[in-house]
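Below is one structure, written out as structure tokens; comments come after it.
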Protein chains: 2
Amino acid sequence: MKKHLVFTLFFFSAAYLCYAQSGEVIEDFRPSSLNQPGKEYPQVNSQGYARFRIEAPEAQNVKVSLGLGGRGGTTLSKTEDGFWEGTTEGPLDEGFHYYNITVDGGKFNDPGALNFFGSTRWESGIEIPAHDKEFYALKDVPHGHVHQILFPSKSTDTSRRAFVYTPPGYHNELDKSYPVLYLQHGWGEDETAWTNQGHANLIMDNLIAEGKINPFIIVMTYGMTNETKFGGLRDFDITPFQTVLVDELIPYIDSNFRTKANQESRAMAGLSMGGFETKLITLNKPEVFSHYALFSGGIYEPEELKDHDNLKLVFISCGSSESPDRVKESVQKLQEANFNAVSYISENTAHEFHTWRRSLYQLAPLLFQ
Amino acid sequence: MKKHLVFTLFFFSAAYLCYAQSGEVIEDFRPSSLNQPGKEYPQVNSQGYARFRIEAPEAQNVKVSLGLGGRGGTTLSKTEDGFWEGTTEGPLDEGFHYYNITVDGGKFNDPGALNFFGSTRWESGIEIPAHDKEFYALKDVPHGHVHQILFPSKSTDTSRRAFVYTPPGYHNELDKSYPVLYLQHGWGEDETAWTNQGHANLIMDNLIAEGKINPFIIVMTYGMTNETKFGGLRDFDITPFQTVLVDELIPYIDSNFRTKANQESRAMAGLSMGGFETKLITLNKPEVFSHYALFSGGIYEPEELKDHDNLKLVFISCGSSESPDRVKESVQKLQEANFNAVSYISENTAHEFHTWRRSLYQLAPLLFQ
């Protein structure tokens, strides 16, 4: 079975290189796995091209934001039956991408695709099947629960929402308690991102089924307390969110879930802006967490961590199209200063969710060891 | 406070009647509570009119499906700044409505509104504030959890999703067990409907906080096992879903949640098609449930229930614009045949979610007494 898989991968890679060189698009398009039920479009092929088909018989022009990067997306052409069709000029990176459609100057979502909260709005999402997609696939293994909770927040005067992943067995083995990872989304996303786009729950289910990690709880909440459209991170004040997380959410989790409620059993990680928040909060509150992870979200300098006596792990990652050298150099400096630091570079991905799915997959086995 | 509320309601009702007679639209429009974060449109006013504003500067025509019922929705007019605007011709019923936008012949969702799964697709949703909206409002009370679970289903050869509401206290009082309501969505909807559109979790939280019900668990799963677009219910075969529900989901819930795993503590209810399913399954499997409820989903005849020895409650409801007489007559016949039967008619609502929110609110205090 494994040999077969390796062969298949090799075959597809070889075919891909061959066709890519000749510029030919292989006609094996299939509906994206993130389409709405029963919808045939958007489609993706084995090379990573995406094809779109939108009905708008009286429209003058229809464009898709995805496809040509800075060159303005993919312009669709009208077909005789009132649809607009088009294929990206080249293959996309493996994994998840947000996109939208412009119809006669108005921005809409693709009626065929599911929506995902990114860029402070619900956008269409498409999945380019990754060669390593098995690690976040839905499999016939025991599944944890994702709890939607509403916790009281005095500082913001409301009930705030969080999602809590509890591992398989949590609801049966009632005398067991678990360490906790607090995991933050990126700018413009919200507390739904890590399960919807990231498949964090399935990544955990699969790792646990394979015996690769010590089961832990993951808590995901909204990382912004202020405006929806906040701009520069330069003037960003972490205090309001830090209050929600440290003074309100953590105590709520510790009294409503069976946690190991101590620093040694508490980690914080985040992607992009969530990494920035992780860095600020772990520096402001060195007594709260013992494992820190930044996914495409900056680095630590050794001197920043010098008084962090109970620090067990620093994990820093990014995509290979981001700033891998900066990540590797930072981790090397941390290691030279005797910190337990680990770097991870996601090959052939950029500032996007596939980088962060892989980062969580790499991080999880290192936590709470 | 209460006096003030009554006065306000009276004032608005009086104002409404006055303006409605004169045909004047009150200019107190506010963003719908179901808009995406930070979006100003769609808006609703105190009379129940809805106003839309869509950007599409080069479009030829833009229409909204909501507003004129059978007369084709609301046609928007182009403004000088490249937007399309329009207001419904009359007020809408209180509560939740699905809708979509037609732009130059293509069907899209309103970029301002959140999406809800109905009609086998994710559609835009709008909320007309109801005079009784307090019963499903987010309040500063203890909140239950909504668990997303993935349960193994041999009959369909996959892991299927369900949502499970556990009441406040479930995760602390570990020696307590609870009765369970199995609650089904309508045609074209899915297992997300009862919490997203219906606010079932908030209805429960509020009822429990007021001491009006004995806390119970609610389980919501997808009620179709076959095609997305199934047509006539006449040829509908309940067997595949019945297998999933009775032979797979119920045992999973009973072994993974602290349930009272017996007929006396098990109820089934559903709206529209979910009511039809409730009727079929309770008739096929009289030994499984003891409380039956149909919301806009048909009626029971006394003879159909004659061998149902452990039947504790039959609840039948609909909106006043549906078939209230049929519901009342059915319940009267059931009462005459000595069944504990209750009818409920939701005033000034039709075949829509506000009818069903109210139905759940009426049903809950009657369950497991």
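Chains: A, B, ... in order of the structure tokens. Residues: from 1 per chain. Ligands: from 1, in order shown.
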
For region 105-109 of chain B: contacts at 7 Å, only C-alpha atoms, fewer than 2 positions along chain excluded, given as a VMD selection string: (chain A and resid 55 to 58 108 111) or (chain B and resid 100 to 103 111 123 to 124)

For the residues in that selection, give me all heavy atoms as an mmCIF file, in the first residue's frame.
```cif
data_model
loop_
_atom_site.group_PDB
_atom_site.id
_atom_site.type_symbol
_atom_site.label_atom_id
_atom_site.label_comp_id
_atom_site.auth_asym_id
_atom_site.auth_seq_id
_atom_site.Cartn_x
_atom_site.Cartn_y
_atom_site.Cartn_z
ATOM 1 N N GLU A 55 -22.740 31.395 -13.070
ATOM 2 C CA GLU A 55 -23.892 31.773 -13.893
ATOM 3 C C GLU A 55 -24.207 33.259 -13.693
ATOM 4 O O GLU A 55 -24.403 33.710 -12.560
ATOM 5 C CB GLU A 55 -25.116 30.941 -13.508
ATOM 6 C CG GLU A 55 -26.307 31.254 -14.424
ATOM 7 C CD GLU A 55 -27.481 30.317 -14.206
ATOM 8 O OE1 GLU A 55 -27.527 29.678 -13.145
ATOM 9 O OE2 GLU A 55 -28.341 30.238 -15.097
ATOM 10 N N ALA A 56 -24.250 33.995 -14.777
ATOM 11 C CA ALA A 56 -24.615 35.426 -14.736
ATOM 12 C C ALA A 56 -24.826 35.870 -16.173
ATOM 13 O O ALA A 56 -24.030 36.586 -16.765
ATOM 14 C CB ALA A 56 -23.521 36.256 -14.078
ATOM 15 N N PRO A 57 -25.954 35.415 -16.803
ATOM 16 C CA PRO A 57 -26.127 35.544 -18.254
ATOM 17 C C PRO A 57 -26.103 36.967 -18.775
ATOM 18 O O PRO A 57 -25.733 37.194 -19.930
ATOM 19 C CB PRO A 57 -27.494 34.881 -18.507
ATOM 20 C CG PRO A 57 -28.131 34.704 -17.184
ATOM 21 C CD PRO A 57 -27.050 34.667 -16.169
ATOM 22 N N GLU A 58 -26.487 37.955 -17.951
ATOM 23 C CA GLU A 58 -26.529 39.332 -18.466
ATOM 24 C C GLU A 58 -25.343 40.175 -18.015
ATOM 25 O O GLU A 58 -25.309 41.382 -18.236
ATOM 26 C CB GLU A 58 -27.827 40.012 -18.008
ATOM 27 C CG GLU A 58 -29.090 39.310 -18.519
ATOM 28 C CD GLU A 58 -30.257 39.493 -17.570
ATOM 29 O OE1 GLU A 58 -30.427 40.598 -17.041
ATOM 30 O OE2 GLU A 58 -30.987 38.504 -17.335
ATOM 31 N N PHE A 108 -18.644 39.491 -4.853
ATOM 32 C CA PHE A 108 -19.529 38.466 -4.306
ATOM 33 C C PHE A 108 -18.735 37.200 -4.018
ATOM 34 O O PHE A 108 -17.571 37.093 -4.429
ATOM 35 C CB PHE A 108 -20.658 38.148 -5.303
ATOM 36 C CG PHE A 108 -21.523 39.328 -5.591
ATOM 37 C CD1 PHE A 108 -21.257 40.154 -6.684
ATOM 38 C CD2 PHE A 108 -22.581 39.646 -4.762
ATOM 39 C CE1 PHE A 108 -22.032 41.274 -6.936
ATOM 40 C CE2 PHE A 108 -23.371 40.760 -5.012
ATOM 41 C CZ PHE A 108 -23.088 41.574 -6.113
ATOM 42 N N PRO A 111 -21.055 31.114 -5.677
ATOM 43 C CA PRO A 111 -22.193 30.355 -5.162
ATOM 44 C C PRO A 111 -21.907 28.854 -5.033
ATOM 45 O O PRO A 111 -22.674 28.139 -4.404
ATOM 46 C CB PRO A 111 -23.291 30.592 -6.206
ATOM 47 C CG PRO A 111 -22.852 31.767 -7.002
ATOM 48 C CD PRO A 111 -21.359 31.779 -6.965
ATOM 49 N N ASN B 100 -31.717 35.704 -1.311
ATOM 50 C CA ASN B 100 -30.527 35.819 -2.161
ATOM 51 C C ASN B 100 -30.706 36.997 -3.117
ATOM 52 O O ASN B 100 -31.769 37.626 -3.159
ATOM 53 C CB ASN B 100 -30.249 34.501 -2.905
ATOM 54 C CG ASN B 100 -31.430 34.045 -3.714
ATOM 55 O OD1 ASN B 100 -31.849 34.729 -4.636
ATOM 56 N ND2 ASN B 100 -31.988 32.888 -3.363
ATOM 57 N N ILE B 101 -29.653 37.283 -3.849
ATOM 58 C CA ILE B 101 -29.616 38.450 -4.739
ATOM 59 C C ILE B 101 -29.439 37.946 -6.165
ATOM 60 O O ILE B 101 -28.627 37.038 -6.379
ATOM 61 C CB ILE B 101 -28.380 39.326 -4.405
ATOM 62 C CG1 ILE B 101 -28.289 39.625 -2.913
ATOM 63 C CG2 ILE B 101 -28.340 40.589 -5.243
ATOM 64 C CD1 ILE B 101 -29.056 40.794 -2.440
ATOM 65 N N THR B 102 -30.156 38.517 -7.119
ATOM 66 C CA THR B 102 -29.894 38.212 -8.522
ATOM 67 C C THR B 102 -29.198 39.414 -9.158
ATOM 68 O O THR B 102 -29.735 40.520 -9.150
ATOM 69 C CB THR B 102 -31.195 37.891 -9.276
ATOM 70 O OG1 THR B 102 -31.814 36.773 -8.616
ATOM 71 C CG2 THR B 102 -30.910 37.495 -10.710
ATOM 72 N N VAL B 103 -27.992 39.187 -9.646
ATOM 73 C CA VAL B 103 -27.212 40.248 -10.293
ATOM 74 C C VAL B 103 -27.030 39.846 -11.752
ATOM 75 O O VAL B 103 -26.366 38.837 -12.041
ATOM 76 C CB VAL B 103 -25.833 40.411 -9.625
ATOM 77 C CG1 VAL B 103 -25.034 41.536 -10.299
ATOM 78 C CG2 VAL B 103 -25.975 40.686 -8.135
ATOM 79 N N PRO B 111 -23.363 40.282 0.090
ATOM 80 C CA PRO B 111 -22.060 40.336 0.760
ATOM 81 C C PRO B 111 -22.131 40.921 2.177
ATOM 82 O O PRO B 111 -21.176 40.792 2.928
ATOM 83 C CB PRO B 111 -21.222 41.247 -0.141
ATOM 84 C CG PRO B 111 -21.947 41.327 -1.437
ATOM 85 C CD PRO B 111 -23.402 41.101 -1.134
ATOM 86 N N GLU B 123 -27.512 30.277 2.103
ATOM 87 C CA GLU B 123 -28.197 31.478 1.623
ATOM 88 C C GLU B 123 -27.989 32.616 2.627
ATOM 89 O O GLU B 123 -27.688 32.391 3.795
ATOM 90 C CB GLU B 123 -29.698 31.213 1.514
ATOM 91 C CG GLU B 123 -30.056 30.279 0.383
ATOM 92 C CD GLU B 123 -31.307 30.733 -0.334
ATOM 93 O OE1 GLU B 123 -32.397 30.629 0.254
ATOM 94 O OE2 GLU B 123 -31.169 31.190 -1.475
ATOM 95 N N SER B 124 -28.215 33.836 2.153
ATOM 96 C CA SER B 124 -28.189 34.992 3.046
ATOM 97 C C SER B 124 -29.354 34.900 4.032
ATOM 98 O O SER B 124 -30.416 34.372 3.706
ATOM 99 C CB SER B 124 -28.313 36.283 2.243
ATOM 100 O OG SER B 124 -27.221 36.401 1.361
#
```

Once you count only C-alpha atoms, what closest atom pair and distance in Å to one decimal does each residue of chain B within 9 Å of chain A have, with rows by chain and rising residue number, as a tab-separated table?
```
residue	atom	partner	partner_atom	distance
B:Gln36	CA	A:Arg121	CA	6.6
B:Pro37	CA	A:Thr228	CA	6.6
B:Gly38	CA	A:Thr228	CA	6.3
B:Ile54	CA	A:Gly106	CA	7.7
B:Glu55	CA	A:Gly106	CA	5.0
B:Ala56	CA	A:Gly106	CA	3.8
B:Pro57	CA	A:Gly105	CA	5.4
B:Glu58	CA	A:Asp104	CA	4.6
B:Ala59	CA	A:Asp104	CA	5.1
B:Gln60	CA	A:Ala59	CA	7.4
B:Asn61	CA	A:Glu58	CA	8.7
B:Gly82	CA	A:Gly105	CA	8.7
B:Phe83	CA	A:Gly106	CA	8.8
B:Thr102	CA	A:Ala56	CA	8.6
B:Val103	CA	A:Ala56	CA	7.1
B:Asp104	CA	A:Glu58	CA	4.6
B:Gly105	CA	A:Ala56	CA	4.9
B:Gly106	CA	A:Ala56	CA	3.8
B:Lys107	CA	A:Glu55	CA	7.4
B:Phe108	CA	A:Pro111	CA	6.0
B:Asn109	CA	A:Phe108	CA	7.0
B:Asp110	CA	A:Phe108	CA	7.5
B:Pro111	CA	A:Phe108	CA	6.0
B:Gly112	CA	A:Arg121	CA	8.8
B:Leu114	CA	A:Trp122	CA	7.8
B:Asn115	CA	A:Asn115	CA	8.4
B:Thr120	CA	A:Pro37	CA	7.2
B:Arg121	CA	A:Gln36	CA	6.6
B:Trp122	CA	A:Gln36	CA	7.6
B:Leu138	CA	A:Ser159	CA	7.7
B:Lys139	CA	A:Ser159	CA	7.6
B:Asp140	CA	A:Ser159	CA	6.7
B:Val141	CA	A:Pro152	CA	8.5
B:Pro142	CA	A:Pro152	CA	8.3
B:His143	CA	A:Leu150	CA	6.1
B:Gly144	CA	A:Ile149	CA	7.0
B:His145	CA	A:Ile149	CA	5.1
B:Val146	CA	A:Gln148	CA	5.0
B:His147	CA	A:His147	CA	4.1
B:Gln148	CA	A:Val146	CA	5.0
B:Ile149	CA	A:His145	CA	5.1
B:Leu150	CA	A:His143	CA	6.1
B:Phe151	CA	A:His143	CA	7.5
B:Pro152	CA	A:Asp140	CA	7.2
B:Thr158	CA	A:Asp140	CA	7.2
B:Ser159	CA	A:Asp140	CA	6.8
B:Val164	CA	A:His147	CA	8.9
B:Gly169	CA	A:Asn256	CA	8.4
B:His171	CA	A:Asn256	CA	5.9
B:Asn172	CA	A:Asn256	CA	6.3
B:Leu174	CA	A:Leu174	CA	7.9
B:Glu227	CA	A:Gly38	CA	8.3
B:Thr228	CA	A:Gly38	CA	6.3
B:Lys229	CA	A:Gly38	CA	8.0
B:Ser255	CA	A:Asn172	CA	8.0
B:Asn256	CA	A:His171	CA	5.9
B:Phe257	CA	A:His171	CA	6.7
B:Arg258	CA	A:His171	CA	8.6
```

Considering only C-alpha atoms, return as a PyMOL selection string whatever protein or nucleic-acid residues lie within 8 Å of Trp187 (chain B), sequence-local ones (same chain, fewer than 2 positions apart) excluded. chain B and resi 118-120+185+189+272-274

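Across A:Lys212, A:Arg51, A:Arg326, A:Arg161, the tightest approach to Tyr300 (chain A) is made by A:Arg326 when counting only C-alpha atoms.
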
Non-local contacts of Gly67 (chain B) (10 Å; only C-alpha atoms; under 2 positions in same chain excluded) as an mmCIF file with all heavy atoms, in the first residue's frame:
```
data_model
loop_
_atom_site.group_PDB
_atom_site.id
_atom_site.type_symbol
_atom_site.label_atom_id
_atom_site.label_comp_id
_atom_site.auth_asym_id
_atom_site.auth_seq_id
_atom_site.Cartn_x
_atom_site.Cartn_y
_atom_site.Cartn_z
ATOM 1 N N TYR B 49 -39.852 46.522 7.681
ATOM 2 C CA TYR B 49 -39.369 46.682 6.303
ATOM 3 C C TYR B 49 -37.877 46.325 6.274
ATOM 4 O O TYR B 49 -37.154 46.551 7.253
ATOM 5 C CB TYR B 49 -39.504 48.134 5.837
ATOM 6 C CG TYR B 49 -40.908 48.560 5.476
ATOM 7 C CD1 TYR B 49 -41.826 48.899 6.472
ATOM 8 C CD2 TYR B 49 -41.303 48.644 4.146
ATOM 9 C CE1 TYR B 49 -43.114 49.307 6.145
ATOM 10 C CE2 TYR B 49 -42.583 49.053 3.818
ATOM 11 C CZ TYR B 49 -43.487 49.376 4.812
ATOM 12 O OH TYR B 49 -44.761 49.784 4.480
ATOM 13 N N ALA B 50 -37.413 45.820 5.154
ATOM 14 C CA ALA B 50 -35.985 45.555 4.971
ATOM 15 C C ALA B 50 -35.465 46.409 3.829
ATOM 16 O O ALA B 50 -36.161 46.623 2.826
ATOM 17 C CB ALA B 50 -35.755 44.079 4.665
ATOM 18 N N ARG B 51 -34.243 46.918 3.995
ATOM 19 C CA ARG B 51 -33.615 47.762 2.972
ATOM 20 C C ARG B 51 -32.267 47.156 2.603
ATOM 21 O O ARG B 51 -31.507 46.736 3.481
ATOM 22 C CB ARG B 51 -33.435 49.176 3.516
ATOM 23 C CG ARG B 51 -32.770 50.115 2.537
ATOM 24 C CD ARG B 51 -32.870 51.542 3.015
ATOM 25 N NE ARG B 51 -34.243 52.044 2.893
ATOM 26 C CZ ARG B 51 -34.652 53.225 3.377
ATOM 27 N NH1 ARG B 51 -33.809 53.995 4.045
ATOM 28 N NH2 ARG B 51 -35.904 53.612 3.215
ATOM 29 N N VAL B 64 -33.642 41.410 -5.254
ATOM 30 C CA VAL B 64 -33.546 40.647 -4.010
ATOM 31 C C VAL B 64 -34.755 39.720 -3.947
ATOM 32 O O VAL B 64 -35.869 40.149 -4.258
ATOM 33 C CB VAL B 64 -33.533 41.596 -2.790
ATOM 34 C CG1 VAL B 64 -33.480 40.804 -1.494
ATOM 35 C CG2 VAL B 64 -32.358 42.556 -2.876
ATOM 36 N N SER B 65 -34.533 38.463 -3.570
ATOM 37 C CA SER B 65 -35.639 37.497 -3.590
ATOM 38 C C SER B 65 -36.684 37.775 -2.513
ATOM 39 O O SER B 65 -37.790 37.266 -2.555
ATOM 40 C CB SER B 65 -35.090 36.073 -3.413
ATOM 41 O OG SER B 65 -34.471 35.942 -2.144
ATOM 42 N N GLY B 69 -43.020 38.417 -1.871
ATOM 43 C CA GLY B 69 -43.581 37.072 -1.938
ATOM 44 C C GLY B 69 -43.652 36.591 -3.360
ATOM 45 O O GLY B 69 -42.676 36.656 -4.104
ATOM 46 N N GLY B 70 -44.831 36.138 -3.768
ATOM 47 C CA GLY B 70 -45.004 35.584 -5.104
ATOM 48 C C GLY B 70 -44.787 36.609 -6.211
ATOM 49 O O GLY B 70 -44.677 36.261 -7.382
ATOM 50 N N ARG B 71 -44.711 37.878 -5.864
ATOM 51 C CA ARG B 71 -44.596 38.900 -6.898
ATOM 52 C C ARG B 71 -43.161 39.200 -7.296
ATOM 53 O O ARG B 71 -42.858 40.220 -7.907
ATOM 54 C CB ARG B 71 -45.326 40.172 -6.461
ATOM 55 C CG ARG B 71 -46.843 40.038 -6.665
ATOM 56 C CD ARG B 71 -47.566 41.293 -6.255
ATOM 57 N NE ARG B 71 -47.586 41.457 -4.801
ATOM 58 C CZ ARG B 71 -47.734 42.622 -4.193
ATOM 59 N NH1 ARG B 71 -47.873 43.711 -4.892
ATOM 60 N NH2 ARG B 71 -47.767 42.682 -2.872
ATOM 61 N N GLY B 72 -42.221 38.348 -6.870
ATOM 62 C CA GLY B 72 -40.888 38.428 -7.451
ATOM 63 C C GLY B 72 -39.837 39.200 -6.700
ATOM 64 O O GLY B 72 -38.834 39.595 -7.271
ATOM 65 N N GLY B 73 -40.033 39.451 -5.437
ATOM 66 C CA GLY B 73 -38.980 40.070 -4.649
ATOM 67 C C GLY B 73 -38.931 41.577 -4.796
ATOM 68 O O GLY B 73 -39.908 42.225 -5.175
ATOM 69 N N THR B 74 -37.758 42.140 -4.472
ATOM 70 C CA THR B 74 -37.573 43.586 -4.491
ATOM 71 C C THR B 74 -36.558 43.953 -5.554
ATOM 72 O O THR B 74 -35.427 43.463 -5.528
ATOM 73 C CB THR B 74 -37.062 44.072 -3.109
ATOM 74 O OG1 THR B 74 -38.012 43.701 -2.107
ATOM 75 C CG2 THR B 74 -36.863 45.576 -3.082
ATOM 76 N N THR B 75 -36.950 44.789 -6.505
ATOM 77 C CA THR B 75 -36.017 45.257 -7.527
ATOM 78 C C THR B 75 -35.283 46.479 -6.988
ATOM 79 O O THR B 75 -35.914 47.418 -6.503
ATOM 80 C CB THR B 75 -36.791 45.604 -8.813
ATOM 81 O OG1 THR B 75 -37.427 44.409 -9.282
ATOM 82 C CG2 THR B 75 -35.838 46.115 -9.890
ATOM 83 N N THR B 87 -36.011 49.037 -0.930
ATOM 84 C CA THR B 87 -36.695 48.691 0.317
ATOM 85 C C THR B 87 -37.883 47.802 -0.037
ATOM 86 O O THR B 87 -38.525 48.025 -1.066
ATOM 87 C CB THR B 87 -37.189 49.983 1.024
ATOM 88 O OG1 THR B 87 -36.064 50.846 1.203
ATOM 89 C CG2 THR B 87 -37.815 49.680 2.364
ATOM 90 N N THR B 88 -38.152 46.829 0.799
ATOM 91 C CA THR B 88 -39.297 45.956 0.528
ATOM 92 C C THR B 88 -40.578 46.786 0.461
ATOM 93 O O THR B 88 -40.698 47.823 1.117
ATOM 94 C CB THR B 88 -39.437 44.873 1.621
ATOM 95 O OG1 THR B 88 -39.487 45.510 2.899
ATOM 96 C CG2 THR B 88 -38.273 43.906 1.593
ATOM 97 N N GLU B 89 -41.537 46.316 -0.343
ATOM 98 C CA GLU B 89 -42.768 47.085 -0.533
ATOM 99 C C GLU B 89 -43.611 47.121 0.740
ATOM 100 O O GLU B 89 -44.341 48.083 0.988
ATOM 101 C CB GLU B 89 -43.573 46.463 -1.677
ATOM 102 C CG GLU B 89 -44.636 47.368 -2.227
ATOM 103 C CD GLU B 89 -45.366 46.684 -3.384
ATOM 104 O OE1 GLU B 89 -46.317 45.933 -3.120
ATOM 105 O OE2 GLU B 89 -44.969 46.875 -4.539
ATOM 106 N N GLY B 90 -43.490 46.065 1.536
ATOM 107 C CA GLY B 90 -44.240 46.030 2.790
ATOM 108 C C GLY B 90 -43.388 45.432 3.896
ATOM 109 O O GLY B 90 -42.257 44.999 3.658
ATOM 110 N N PRO B 91 -43.921 45.418 5.112
ATOM 111 C CA PRO B 91 -43.171 44.815 6.217
ATOM 112 C C PRO B 91 -43.171 43.288 6.119
ATOM 113 O O PRO B 91 -44.104 42.693 5.578
ATOM 114 C CB PRO B 91 -43.941 45.271 7.458
ATOM 115 C CG PRO B 91 -45.311 45.612 6.981
ATOM 116 C CD PRO B 91 -45.207 45.990 5.541
ATOM 117 N N LEU B 92 -42.106 42.682 6.606
ATOM 118 C CA LEU B 92 -41.985 41.224 6.629
ATOM 119 C C LEU B 92 -42.449 40.699 7.989
ATOM 120 O O LEU B 92 -42.473 41.446 8.969
ATOM 121 C CB LEU B 92 -40.522 40.833 6.403
ATOM 122 C CG LEU B 92 -39.881 41.374 5.120
ATOM 123 C CD1 LEU B 92 -38.369 41.162 5.163
ATOM 124 C CD2 LEU B 92 -40.480 40.692 3.908
ATOM 125 N N TYR B 99 -32.716 34.602 2.030
ATOM 126 C CA TYR B 99 -32.899 35.316 0.760
ATOM 127 C C TYR B 99 -31.619 35.254 -0.061
ATOM 128 O O TYR B 99 -30.575 34.799 0.411
ATOM 129 C CB TYR B 99 -33.323 36.776 0.989
ATOM 130 C CG TYR B 99 -32.234 37.686 1.519
ATOM 131 C CD1 TYR B 99 -31.571 38.581 0.674
ATOM 132 C CD2 TYR B 99 -31.869 37.662 2.855
ATOM 133 C CE1 TYR B 99 -30.591 39.436 1.152
ATOM 134 C CE2 TYR B 99 -30.873 38.510 3.347
ATOM 135 C CZ TYR B 99 -30.242 39.384 2.498
ATOM 136 O OH TYR B 99 -29.260 40.209 2.968
#
```

Let's see if you can do this: from backbone DSSP, list all strand (DSSP E) residues in region 172-220 of chain B, as JSON, numbers by chain. {"B": [180, 181, 182, 183, 184, 217, 218, 219, 220]}

Export of the given selection (C-alpha atoms) as a tab-separated table (two decimals), in the first residue's frame:
```tsv
chain	number	residue	atom	x	y	z
B	180	VAL	CA	-32.31	13.74	25.56
B	181	LEU	CA	-34.30	15.46	22.81
B	182	TYR	CA	-33.45	14.43	19.23
B	183	LEU	CA	-34.31	17.53	17.16
B	184	GLN	CA	-34.48	17.58	13.35
B	217	ILE	CA	-29.52	17.40	26.24
B	218	ILE	CA	-30.43	18.19	22.60
B	219	VAL	CA	-28.94	16.21	19.71
B	220	MET	CA	-29.15	17.61	16.16
```

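Picture a line from CA of Val288 (chain A) to CA of Leu245 (chain A); it runs 10.7 Å.
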
Leaving out Ser265 (chain A) and any residue of its chain fewer than 6 positions from it, which residues lie within 12 Å of it when counting only C-alpha atoms, given as a list of chain:residue names? A:Ser177, A:Tyr178, A:Pro179, A:Val180, A:Leu181, A:Tyr182, A:Asn214, A:Pro215, A:Phe216, A:Ile217, A:Ile218, A:Asp254, A:Thr259, A:Glu287, A:Val288, A:Phe289, A:Ser290, A:His291, A:Tyr292, A:Asn310, A:Leu311, A:Lys312, A:Leu313, A:Leu367, A:Phe368, A:Gln369

CA of Leu271 (chain B) to CA of Trp356 (chain B), distance in Å rounded to a single decimal: 6.8 Å

What gap, in Å, lies between CA of Val331 (chain B) and CA of Ile316 (chain B)?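 CA of Ile316 (chain B) lies at a distance of 7.2 Å from CA of Val331 (chain B).
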
Shell of 12 Å around Ser359 (chain A), only C-alpha atoms, local chain residues under 2 positions omitted, as a PyMOL selection string: chain A and resi 135+183+194+198+200+203+269-271+293-297+315-319+342-347+349+351-357+361-366

Could the residues in this selection be written to a file with C-alpha atoms, as a compact mmCIF listing (two decimals), in the first residue's frame?
```
# COMPACT_ATOMS: atom_id res chain seq x y z
CA PHE A 135 -2.68 14.10 8.10
CA LEU A 183 -4.33 28.62 19.70
CA TRP A 194 -8.52 26.76 13.16
CA GLY A 198 -7.19 24.42 9.58
CA ALA A 200 -7.14 21.33 13.85
CA ILE A 203 -5.10 16.78 12.84
CA ALA A 269 0.51 29.39 19.78
CA GLY A 270 -0.78 31.53 16.98
CA LEU A 271 -0.53 32.12 13.26
CA ALA A 293 4.84 28.73 19.21
CA LEU A 294 4.82 31.33 16.42
CA PHE A 295 3.51 30.20 13.00
CA SER A 296 4.44 32.83 10.36
CA GLY A 297 4.19 35.27 13.22
CA PHE A 315 8.63 26.58 18.23
CA ILE A 316 8.96 28.94 15.25
CA SER A 317 7.74 28.14 11.74
CA CYS A 318 6.81 29.65 8.38
CA GLY A 319 6.29 28.71 4.75
CA VAL A 342 12.66 24.09 17.19
CA SER A 343 12.20 25.52 13.71
CA TYR A 344 9.96 24.20 10.96
CA ILE A 345 9.75 25.34 7.33
CA SER A 346 6.72 24.25 5.29
CA GLU A 347 7.97 23.47 1.79
CA THR A 349 3.79 27.12 0.76
CA HIS A 351 1.50 32.85 4.19
CA GLU A 352 -1.50 30.52 4.06
CA PHE A 353 -3.36 27.89 6.00
CA HIS A 354 -1.53 24.86 4.66
CA THR A 355 1.65 26.23 6.28
CA TRP A 356 -0.21 26.46 9.58
CA ARG A 357 -1.90 23.05 9.37
CA TYR A 361 1.06 18.85 13.01
CA GLN A 362 4.77 19.39 13.70
CA LEU A 363 4.23 21.19 16.99
CA ALA A 364 1.72 18.84 18.63
CA PRO A 365 4.11 15.91 19.30
CA LEU A 366 6.56 18.30 20.99
```
